[in-house]
$ cat target.pdb   # PDB, C-alpha atoms
ATOM      1  CA  MET A   6     122.163 100.170  95.831  1.00  0.00           C
ATOM      2  CA  HIS A   7     123.363 103.718  95.636  1.00  0.00           C
ATOM      3  CA  VAL A   8     120.881 106.590  96.003  1.00  0.00           C
ATOM      4  CA  LYS A   9     122.032 110.082  95.074  1.00  0.00           C
ATOM      5  CA  LYS A  10     121.867 112.586  97.913  1.00  0.00           C
ATOM      6  CA  THR A  11     120.616 115.618  96.038  1.00  0.00           C
ATOM      7  CA  THR A  12     118.655 118.319  97.860  1.00  0.00           C
ATOM      8  CA  VAL A  13     115.487 120.311  97.301  1.00  0.00           C
ATOM      9  CA  VAL A  14     116.646 123.186  99.522  1.00  0.00           C
ATOM     10  CA  SER A  15     117.579 125.439  96.600  1.00  0.00           C
ATOM     11  CA  VAL A  16     114.174 124.846  95.012  1.00  0.00           C
ATOM     12  CA  LEU A  17     112.409 125.763  98.245  1.00  0.00           C
ATOM     13  CA  VAL A  18     114.509 128.905  98.638  1.00  0.00           C
ATOM     14  CA  MET A  19     113.620 130.035  95.104  1.00  0.00           C
ATOM     15  CA  PHE A  20     109.926 129.423  95.738  1.00  0.00           C
ATOM     16  CA  LEU A  21     109.902 131.301  99.026  1.00  0.00           C
ATOM     17  CA  ALA A  22     111.635 134.236  97.345  1.00  0.00           C
ATOM     18  CA  LEU A  23     108.769 134.684  94.874  1.00  0.00           C
ATOM     19  CA  PRO A  24     106.414 137.636  95.470  1.00  0.00           C
ATOM     20  CA  SER A  25     103.202 136.517  97.127  1.00  0.00           C
ATOM     21  CA  ALA A  26     101.124 137.760  94.185  1.00  0.00           C
ATOM     22  CA  ILE A  27     103.000 135.479  91.803  1.00  0.00           C
ATOM     23  CA  ALA A  28     102.648 132.524  94.147  1.00  0.00           C
ATOM     24  CA  GLN A  29      98.913 133.168  94.435  1.00  0.00           C
ATOM     25  CA  THR A  30      98.318 133.364  90.702  1.00  0.00           C
ATOM     26  CA  ALA A  31     100.559 130.448  89.714  1.00  0.00           C
ATOM     27  CA  PRO A  32      98.533 127.801  87.876  1.00  0.00           C
ATOM     28  CA  THR A  33      97.879 124.580  89.737  1.00  0.00           C
ATOM     29  CA  THR A  34      97.242 121.099  88.410  1.00  0.00           C
ATOM     30  CA  ALA A  35      95.062 118.627  90.246  1.00  0.00           C
ATOM     31  CA  PRO A  36      96.954 115.485  91.294  1.00  0.00           C
ATOM     32  CA  THR A  37      96.407 112.446  89.094  1.00  0.00           C
ATOM     33  CA  PRO A  38      96.188 109.340  91.291  1.00  0.00           C
ATOM     34  CA  LEU A  39      97.291 105.872  90.260  1.00  0.00           C
ATOM     35  CA  THR A  40      94.909 103.839  88.141  1.00  0.00           C
ATOM     36  CA  ALA A  41      93.306 100.705  89.524  1.00  0.00           C
ATOM     37  CA  GLU A  42      95.521  98.673  87.198  1.00  0.00           C
ATOM     38  CA  GLU A  43      98.696 100.366  88.470  1.00  0.00           C
ATOM     39  CA  ARG A  44      97.734  99.730  92.070  1.00  0.00           C
ATOM     40  CA  GLU A  45      96.859  96.113  91.412  1.00  0.00           C
ATOM     41  CA  SER A  46     100.069  95.471  89.476  1.00  0.00           C
ATOM     42  CA  ALA A  47     102.283  97.010  92.156  1.00  0.00           C
ATOM     43  CA  LEU A  48     100.491  95.247  95.011  1.00  0.00           C
ATOM     44  CA  LYS A  49     100.831  91.931  93.209  1.00  0.00           C
ATOM     45  CA  GLN A  50     104.586  92.494  92.863  1.00  0.00           C
ATOM     46  CA  PHE A  51     104.946  93.505  96.507  1.00  0.00           C
ATOM     47  CA  GLN A  52     102.960  90.506  97.758  1.00  0.00           C
ATOM     48  CA  SER A  53     104.928  88.053  95.627  1.00  0.00           C
ATOM     49  CA  THR A  54     108.357  89.383  96.585  1.00  0.00           C
ATOM     50  CA  ARG A  55     107.322  89.543 100.254  1.00  0.00           C
ATOM     51  CA  ASP A  56     106.252  85.904 100.233  1.00  0.00           C
ATOM     52  CA  ASN A  57     109.405  84.770  98.423  1.00  0.00           C
ATOM     53  CA  PHE A  58     111.708  86.608 100.816  1.00  0.00           C
ATOM     54  CA  LEU A  59     110.013  85.259 103.933  1.00  0.00           C
ATOM     55  CA  LYS A  60     110.051  81.749 102.476  1.00  0.00           C
ATOM     56  CA  SER A  61     113.780  82.042 101.745  1.00  0.00           C
ATOM     57  CA  ILE A  62     114.655  82.733 105.403  1.00  0.00           C
ATOM     58  CA  ALA A  63     112.083  80.483 107.085  1.00  0.00           C
ATOM     59  CA  GLY A  64     113.235  77.616 109.285  1.00  0.00           C
ATOM     60  CA  LEU A  65     116.969  78.337 109.180  1.00  0.00           C
ATOM     61  CA  SER A  66     119.187  77.295 112.051  1.00  0.00           C
ATOM     62  CA  GLN A  67     121.593  79.788 113.616  1.00  0.00           C
ATOM     63  CA  LYS A  68     124.489  78.151 111.728  1.00  0.00           C
ATOM     64  CA  GLN A  69     122.607  78.501 108.436  1.00  0.00           C
ATOM     65  CA  TRP A  70     121.544  82.073 109.271  1.00  0.00           C
ATOM     66  CA  THR A  71     125.129  83.219 109.864  1.00  0.00           C
ATOM     67  CA  PHE A  72     127.028  81.023 107.361  1.00  0.00           C
ATOM     68  CA  LYS A  73     129.393  82.893 105.017  1.00  0.00           C
ATOM     69  CA  SER A  74     130.906  81.206 101.977  1.00  0.00           C
ATOM     70  CA  ALA A  75     133.923  83.531 102.241  1.00  0.00           C
ATOM     71  CA  PRO A  76     135.022  86.335 104.587  1.00  0.00           C
ATOM     72  CA  ASP A  77     134.041  89.004 102.042  1.00  0.00           C
ATOM     73  CA  ARG A  78     130.630  87.464 101.277  1.00  0.00           C
ATOM     74  CA  TRP A  79     127.399  88.210 103.077  1.00  0.00           C
ATOM     75  CA  SER A  80     125.545  85.648 105.147  1.00  0.00           C
ATOM     76  CA  VAL A  81     121.800  85.078 104.839  1.00  0.00           C
ATOM     77  CA  ALA A  82     121.408  87.257 107.934  1.00  0.00           C
ATOM     78  CA  GLU A  83     123.365  90.097 106.334  1.00  0.00           C
ATOM     79  CA  VAL A  84     121.497  89.936 103.030  1.00  0.00           C
ATOM     80  CA  ALA A  85     118.197  89.875 104.902  1.00  0.00           C
ATOM     81  CA  GLU A  86     119.248  92.924 106.915  1.00  0.00           C
ATOM     82  CA  HIS A  87     120.136  94.761 103.707  1.00  0.00           C
ATOM     83  CA  ILE A  88     116.678  93.981 102.315  1.00  0.00           C
ATOM     84  CA  ALA A  89     114.949  95.134 105.493  1.00  0.00           C
ATOM     85  CA  VAL A  90     116.843  98.411 105.896  1.00  0.00           C
ATOM     86  CA  SER A  91     116.475  99.211 102.193  1.00  0.00           C
ATOM     87  CA  GLU A  92     112.687  98.811 102.447  1.00  0.00           C
ATOM     88  CA  SER A  93     112.245 101.735 104.811  1.00  0.00           C
ATOM     89  CA  THR A  94     115.063 103.814 103.327  1.00  0.00           C
ATOM     90  CA  LEU A  95     113.755 103.712  99.758  1.00  0.00           C
ATOM     91  CA  PHE A  96     110.170 104.323 100.825  1.00  0.00           C
ATOM     92  CA  GLY A  97     111.432 107.290 102.843  1.00  0.00           C
ATOM     93  CA  LEU A  98     113.055 108.582  99.665  1.00  0.00           C
ATOM     94  CA  VAL A  99     109.689 108.484  97.891  1.00  0.00           C
ATOM     95  CA  GLN A 100     107.836 110.251 100.688  1.00  0.00           C
ATOM     96  CA  GLN A 101     110.434 112.756 101.848  1.00  0.00           C
ATOM     97  CA  ARG A 102     112.369 113.608  98.695  1.00  0.00           C
ATOM     98  CA  ILE A 103     110.469 112.638  95.563  1.00  0.00           C
ATOM     99  CA  MET A 104     106.885 113.598  96.339  1.00  0.00           C
ATOM    100  CA  PRO A 105     107.731 116.992  97.922  1.00  0.00           C
ATOM    101  CA  SER A 106     109.668 117.935  94.770  1.00  0.00           C
ATOM    102  CA  PRO A 107     107.910 120.055  92.126  1.00  0.00           C
ATOM    103  CA  ALA A 108     105.647 118.122  89.777  1.00  0.00           C
ATOM    104  CA  ALA A 109     107.151 117.827  86.292  1.00  0.00           C
ATOM    105  CA  PRO A 110     104.630 116.105  84.000  1.00  0.00           C
ATOM    106  CA  ASP A 111     106.761 117.093  81.002  1.00  0.00           C
ATOM    107  CA  LYS A 112     109.244 114.383  82.063  1.00  0.00           C
ATOM    108  CA  ARG A 113     106.785 111.555  81.550  1.00  0.00           C
ATOM    109  CA  GLU A 114     108.198 110.762  78.112  1.00  0.00           C
ATOM    110  CA  GLN A 115     111.635 110.168  79.645  1.00  0.00           C
ATOM    111  CA  VAL A 116     110.406 107.288  81.800  1.00  0.00           C
ATOM    112  CA  LYS A 117     108.086 105.504  79.383  1.00  0.00           C
ATOM    113  CA  GLY A 118     108.620 101.738  79.425  1.00  0.00           C
ATOM    114  CA  LYS A 119     110.669 101.774  82.619  1.00  0.00           C
ATOM    115  CA  ASP A 120     108.075  99.971  84.751  1.00  0.00           C
ATOM    116  CA  GLN A 121     108.815  96.658  83.079  1.00  0.00           C
ATOM    117  CA  MET A 122     112.524  97.427  82.746  1.00  0.00           C
ATOM    118  CA  ILE A 123     112.832  97.791  86.534  1.00  0.00           C
ATOM    119  CA  LEU A 124     110.980  94.542  87.184  1.00  0.00           C
ATOM    120  CA  GLU A 125     113.255  92.703  84.750  1.00  0.00           C
ATOM    121  CA  LYS A 126     116.648  94.371  85.190  1.00  0.00           C
ATOM    122  CA  MET A 127     116.739  95.001  88.930  1.00  0.00           C
ATOM    123  CA  PRO A 128     116.547  91.310  89.957  1.00  0.00           C
ATOM    124  CA  ASP A 129     119.192  90.358  87.348  1.00  0.00           C
ATOM    125  CA  ARG A 130     122.241  89.301  89.356  1.00  0.00           C
ATOM    126  CA  SER A 131     124.527  88.993  86.354  1.00  0.00           C
ATOM    127  CA  HIS A 132     125.347  92.637  87.142  1.00  0.00           C
ATOM    128  CA  LYS A 133     126.722  93.262  90.641  1.00  0.00           C
ATOM    129  CA  ALA A 134     127.125  96.485  92.598  1.00  0.00           C
ATOM    130  CA  GLN A 135     128.384  97.511  96.028  1.00  0.00           C
ATOM    131  CA  ALA A 136     125.751  98.727  98.458  1.00  0.00           C
ATOM    132  CA  PRO A 137     126.376 102.201  99.916  1.00  0.00           C
ATOM    133  CA  GLU A 138     127.644 102.268 103.478  1.00  0.00           C
ATOM    134  CA  PHE A 139     124.317 103.351 104.995  1.00  0.00           C
ATOM    135  CA  LEU A 140     122.568 100.285 103.526  1.00  0.00           C
ATOM    136  CA  ARG A 141     125.231  97.756 104.507  1.00  0.00           C
ATOM    137  CA  PRO A 142     124.474  95.240 107.285  1.00  0.00           C
ATOM    138  CA  THR A 143     125.675  96.212 110.764  1.00  0.00           C
ATOM    139  CA  GLY A 144     123.669  93.887 112.999  1.00  0.00           C
ATOM    140  CA  ARG A 145     120.775  96.325 113.466  1.00  0.00           C
ATOM    141  CA  TRP A 146     118.427  93.573 114.714  1.00  0.00           C
ATOM    142  CA  ALA A 147     119.350  91.124 117.463  1.00  0.00           C
ATOM    143  CA  THR A 148     117.322  88.196 116.145  1.00  0.00           C
ATOM    144  CA  GLU A 149     115.811  86.871 112.946  1.00  0.00           C
ATOM    145  CA  ALA A 150     112.376  87.499 114.449  1.00  0.00           C
ATOM    146  CA  ASP A 151     113.191  91.169 115.080  1.00  0.00           C
ATOM    147  CA  LEU A 152     114.456  91.594 111.519  1.00  0.00           C
ATOM    148  CA  THR A 153     111.421  89.859 110.061  1.00  0.00           C
ATOM    149  CA  LYS A 154     109.063  92.088 112.031  1.00  0.00           C
ATOM    150  CA  ALA A 155     110.891  95.221 110.835  1.00  0.00           C
ATOM    151  CA  PHE A 156     110.614  94.024 107.233  1.00  0.00           C
ATOM    152  CA  GLU A 157     106.942  93.115 107.622  1.00  0.00           C
ATOM    153  CA  ASP A 158     106.137  96.494 109.183  1.00  0.00           C
ATOM    154  CA  SER A 159     107.904  98.382 106.396  1.00  0.00           C
ATOM    155  CA  ARG A 160     106.337  96.281 103.655  1.00  0.00           C
ATOM    156  CA  LYS A 161     102.850  96.732 105.130  1.00  0.00           C
ATOM    157  CA  THR A 162     103.346 100.505 105.315  1.00  0.00           C
ATOM    158  CA  THR A 163     104.380 100.653 101.673  1.00  0.00           C
ATOM    159  CA  MET A 164     101.564  98.418 100.483  1.00  0.00           C
ATOM    160  CA  ASP A 165      98.986 100.399 102.465  1.00  0.00           C
ATOM    161  CA  TYR A 166     100.314 103.555 100.809  1.00  0.00           C
ATOM    162  CA  ILE A 167     100.011 102.054  97.325  1.00  0.00           C
ATOM    163  CA  ARG A 168      96.516 100.828  98.114  1.00  0.00           C
ATOM    164  CA  THR A 169      95.168 104.172  99.381  1.00  0.00           C
ATOM    165  CA  THR A 170      97.289 107.109  98.169  1.00  0.00           C
ATOM    166  CA  ASN A 171      95.966 109.797  95.861  1.00  0.00           C
ATOM    167  CA  ASP A 172      99.440 111.253  95.288  1.00  0.00           C
ATOM    168  CA  ASP A 173     100.377 111.977  91.667  1.00  0.00           C
ATOM    169  CA  LEU A 174     103.310 109.562  91.703  1.00  0.00           C
ATOM    170  CA  ARG A 175     103.630 109.686  87.926  1.00  0.00           C
ATOM    171  CA  ASP A 176     104.462 113.424  87.914  1.00  0.00           C
ATOM    172  CA  HIS A 177     107.347 113.472  90.422  1.00  0.00           C
ATOM    173  CA  PHE A 178     110.820 112.289  89.495  1.00  0.00           C
ATOM    174  CA  PHE A 179     114.229 111.420  90.899  1.00  0.00           C
ATOM    175  CA  ASP A 180     117.315 110.114  89.107  1.00  0.00           C
ATOM    176  CA  HIS A 181     118.551 106.585  89.734  1.00  0.00           C
ATOM    177  CA  PRO A 182     122.309 106.069  89.223  1.00  0.00           C
ATOM    178  CA  VAL A 183     121.732 103.189  86.786  1.00  0.00           C
ATOM    179  CA  PHE A 184     118.233 103.640  85.352  1.00  0.00           C
ATOM    180  CA  GLY A 185     118.268 107.435  85.068  1.00  0.00           C
ATOM    181  CA  PRO A 186     115.084 109.421  85.787  1.00  0.00           C
ATOM    182  CA  LEU A 187     112.283 107.411  87.408  1.00  0.00           C
ATOM    183  CA  ASP A 188     108.892 108.581  88.559  1.00  0.00           C
ATOM    184  CA  GLY A 189     107.558 107.969  92.070  1.00  0.00           C
ATOM    185  CA  TYR A 190     105.627 104.877  91.050  1.00  0.00           C
ATOM    186  CA  GLN A 191     108.722 103.381  89.443  1.00  0.00           C
ATOM    187  CA  TRP A 192     110.714 104.003  92.626  1.00  0.00           C
ATOM    188  CA  LEU A 193     108.074 102.006  94.472  1.00  0.00           C
ATOM    189  CA  LEU A 194     108.405  99.158  91.968  1.00  0.00           C
ATOM    190  CA  LEU A 195     112.148  99.318  92.527  1.00  0.00           C
ATOM    191  CA  ILE A 196     111.671  98.587  96.249  1.00  0.00           C
ATOM    192  CA  SER A 197     109.913  95.334  95.397  1.00  0.00           C
ATOM    193  CA  ALA A 198     112.385  94.427  92.653  1.00  0.00           C
ATOM    194  CA  HIS A 199     115.288  95.164  95.007  1.00  0.00           C
ATOM    195  CA  SER A 200     114.009  92.595  97.504  1.00  0.00           C
ATOM    196  CA  ALA A 201     113.627  90.088  94.651  1.00  0.00           C
ATOM    197  CA  ARG A 202     117.247  90.692  93.667  1.00  0.00           C
ATOM    198  CA  HIS A 203     118.555  89.979  97.127  1.00  0.00           C
ATOM    199  CA  THR A 204     116.190  87.086  97.789  1.00  0.00           C
ATOM    200  CA  ALA A 205     117.977  85.489  94.828  1.00  0.00           C
ATOM    201  CA  GLN A 206     121.246  86.269  96.599  1.00  0.00           C
ATOM    202  CA  ILE A 207     119.987  84.431  99.703  1.00  0.00           C
ATOM    203  CA  GLU A 208     119.235  81.403  97.535  1.00  0.00           C
ATOM    204  CA  GLU A 209     122.797  81.592  96.175  1.00  0.00           C
ATOM    205  CA  VAL A 210     124.155  81.445  99.737  1.00  0.00           C
ATOM    206  CA  LYS A 211     121.934  78.463 100.540  1.00  0.00           C
ATOM    207  CA  ALA A 212     123.080  76.676  97.361  1.00  0.00           C
ATOM    208  CA  ASP A 213     126.754  76.839  98.404  1.00  0.00           C
ATOM    209  CA  PRO A 214     128.203  73.301  98.815  1.00  0.00           C
ATOM    210  CA  ASN A 215     129.396  74.176 102.309  1.00  0.00           C
ATOM    211  CA  PHE A 216     126.064  75.579 103.501  1.00  0.00           C
ATOM    212  CA  PRO A 217     125.228  73.780 106.769  1.00  0.00           C
ATOM    213  CA  LYS A 218     122.787  70.925 106.433  1.00  0.00           C
ATOM    214  CA  GLU A 219     121.049  71.939 109.628  1.00  0.00           C
TER
END

$ encode --input "target.pdb" --output "structure tokens"
Amino acid sequence: MHVKKTTVVSVLVMFLALPSAIAQTAPTTAPTPLTAEERESALKQFQSTRDNFLKSIAGLSQKQWTFKSAPDRWSVAEVAEHIAVSESTLFGLVQQRIMPSPAAPDKREQVKGKDQMILEKMPDRSHKAQAPEFLRPTGRWATEADLTKAFEDSRKTTMDYIRTTNDDLRDHFFDHPVFGPLDGYQWLLLISAHSARHTAQIEEVKADPNFPKE
């Protein structure tokens, strides 16, 4: 999945150029944390997609792990690597790019209804897209166990953040190339939905008639 590489440098430069008196008198708005319902809903999604992914790769032999239905198709190992590397990359986007950006509560209307849209549209594999180079599999982890641990560590970090953060995720935004503007919470939902999408891809590989029996 492609993530736009925009920058907040120009925004920071403009802010630093402001006279100190203006910066001191600028109105501030207290952060609005997630509701209990939002936390519970997101955590439920993350737990479910975690369990489904781990189930999809459990107990595979080396032949099954590396099987490719065609030279230009990904193996289970490659799809799993894409899921794992995307976990940390997309969460990094939320923490390092989205949340440090200026709050823009006036944009809330633009993203209404997109929570459910992400959960429904992202896993839909009737629409295909090429992953950007930095999210493509390159054999980052030597073994399935190493990859699984990396995924588990990233997923735990994200879920702990959702469970405890007081960040105003609903007031910070970043454009998605397909879905348009999304708030921070919706970007988190997208991480979970992204793993669901590619867990379905793993099941497609396993359903191939030539997939090794053992």

$ residues_around --input "target.pdb" --residues "His132 (chain A)" --least-positions-apart "3" --cutoff "12 Å" --atoms "all atoms listed in the file" --output "PyMOL selection string"
chain A and resi 6+126-129+135+183+202

$ resolve_selection --input "target.pdb" --expression "the PyMOL selection byres ((chain A and resi 58) around 12)" --output "VMD selection string"
chain A and resid 51 to 57 59 to 63 81 84 to 86 88 to 89 153 156 to 157 160 197 to 208

$ closest_residue --input "target.pdb" --among "A:Arg130, A:Lys73, A:Lys119, A:Lys49" --to "Pro214 (chain A)" --atoms "only C-alpha atoms"
A:Lys73

$ residues_near_point --input "target.pdb" --point "(104.8, 94.0, 89.2)" --cutoff "8 Å" --atoms "all atoms listed in the file" --output "list in words"
Ser46, Ala47, Leu48, Lys49, Gln50, Phe51, Gln121, Leu124 and Leu194 of chain A

$ write_last_selection --input "target.pdb" --atoms "C-alpha atoms" --output "mmCIF file, in the frame of the given file"
data_model
loop_
_atom_site.group_PDB
_atom_site.id
_atom_site.type_symbol
_atom_site.label_atom_id
_atom_site.label_comp_id
_atom_site.auth_asym_id
_atom_site.auth_seq_id
_atom_site.Cartn_x
_atom_site.Cartn_y
_atom_site.Cartn_z
ATOM 1 C CA SER A 46 100.069 95.471 89.476
ATOM 2 C CA ALA A 47 102.283 97.010 92.156
ATOM 3 C CA LEU A 48 100.491 95.247 95.011
ATOM 4 C CA LYS A 49 100.831 91.931 93.209
ATOM 5 C CA GLN A 50 104.586 92.494 92.863
ATOM 6 C CA PHE A 51 104.946 93.505 96.507
ATOM 7 C CA GLN A 121 108.815 96.658 83.079
ATOM 8 C CA LEU A 124 110.980 94.542 87.184
ATOM 9 C CA LEU A 194 108.405 99.158 91.968
#

$ resolve_selection --input "target.pdb" --expression "the PyMOL selection byres ((chain A and resi 105) around 12)" --output "short mmCIF file (atom, residue, chain, number, x, y, z; two decimals) with C-alpha atoms, keeping the file's coordinate frame"
data_model
loop_
_atom_site.label_atom_id
_atom_site.label_comp_id
_atom_site.auth_asym_id
_atom_site.auth_seq_id
_atom_site.Cartn_x
_atom_site.Cartn_y
_atom_site.Cartn_z
CA THR A 12 118.66 118.32 97.86
CA VAL A 13 115.49 120.31 97.30
CA VAL A 14 116.65 123.19 99.52
CA VAL A 16 114.17 124.85 95.01
CA LEU A 17 112.41 125.76 98.24
CA GLY A 97 111.43 107.29 102.84
CA LEU A 98 113.06 108.58 99.66
CA VAL A 99 109.69 108.48 97.89
CA GLN A 100 107.84 110.25 100.69
CA GLN A 101 110.43 112.76 101.85
CA ARG A 102 112.37 113.61 98.70
CA ILE A 103 110.47 112.64 95.56
CA MET A 104 106.88 113.60 96.34
CA SER A 106 109.67 117.94 94.77
CA PRO A 107 107.91 120.06 92.13
CA ALA A 108 105.65 118.12 89.78
CA ALA A 109 107.15 117.83 86.29
CA ASP A 172 99.44 111.25 95.29
CA ASP A 173 100.38 111.98 91.67
CA LEU A 174 103.31 109.56 91.70
CA ASP A 176 104.46 113.42 87.91
CA HIS A 177 107.35 113.47 90.42
CA PHE A 178 110.82 112.29 89.50
CA PHE A 179 114.23 111.42 90.90
CA GLY A 189 107.56 107.97 92.07
#

$ atom_distance --input "target.pdb" --atom1 "CA of Asn215 (chain A)" --atom2 "CA of Ala136 (chain A)"
25.1 Å

$ residues_around --input "target.pdb" --residues "Thr143 (chain A)" --least-positions-apart "2" --cutoff "9 Å" --atoms "all atoms listed in the file" --output "PyMOL selection string"
chain A and resi 83+86+140-141+145-146

$ axis_aligned_box --input "target.pdb" --around "region 149-158 of chain A" --padding-each-side "4 Å" --output "lines of an AutoDock Vina configuration file"
center_x = 111.0
center_y = 91.7
center_z = 111.2
size_x = 17.7
size_y = 17.6
size_z = 15.8

$ atom_distance --input "target.pdb" --atom1 "CA of Thr37 (chain A)" --atom2 "CA of Ser91 (chain A)"
27.4 Å
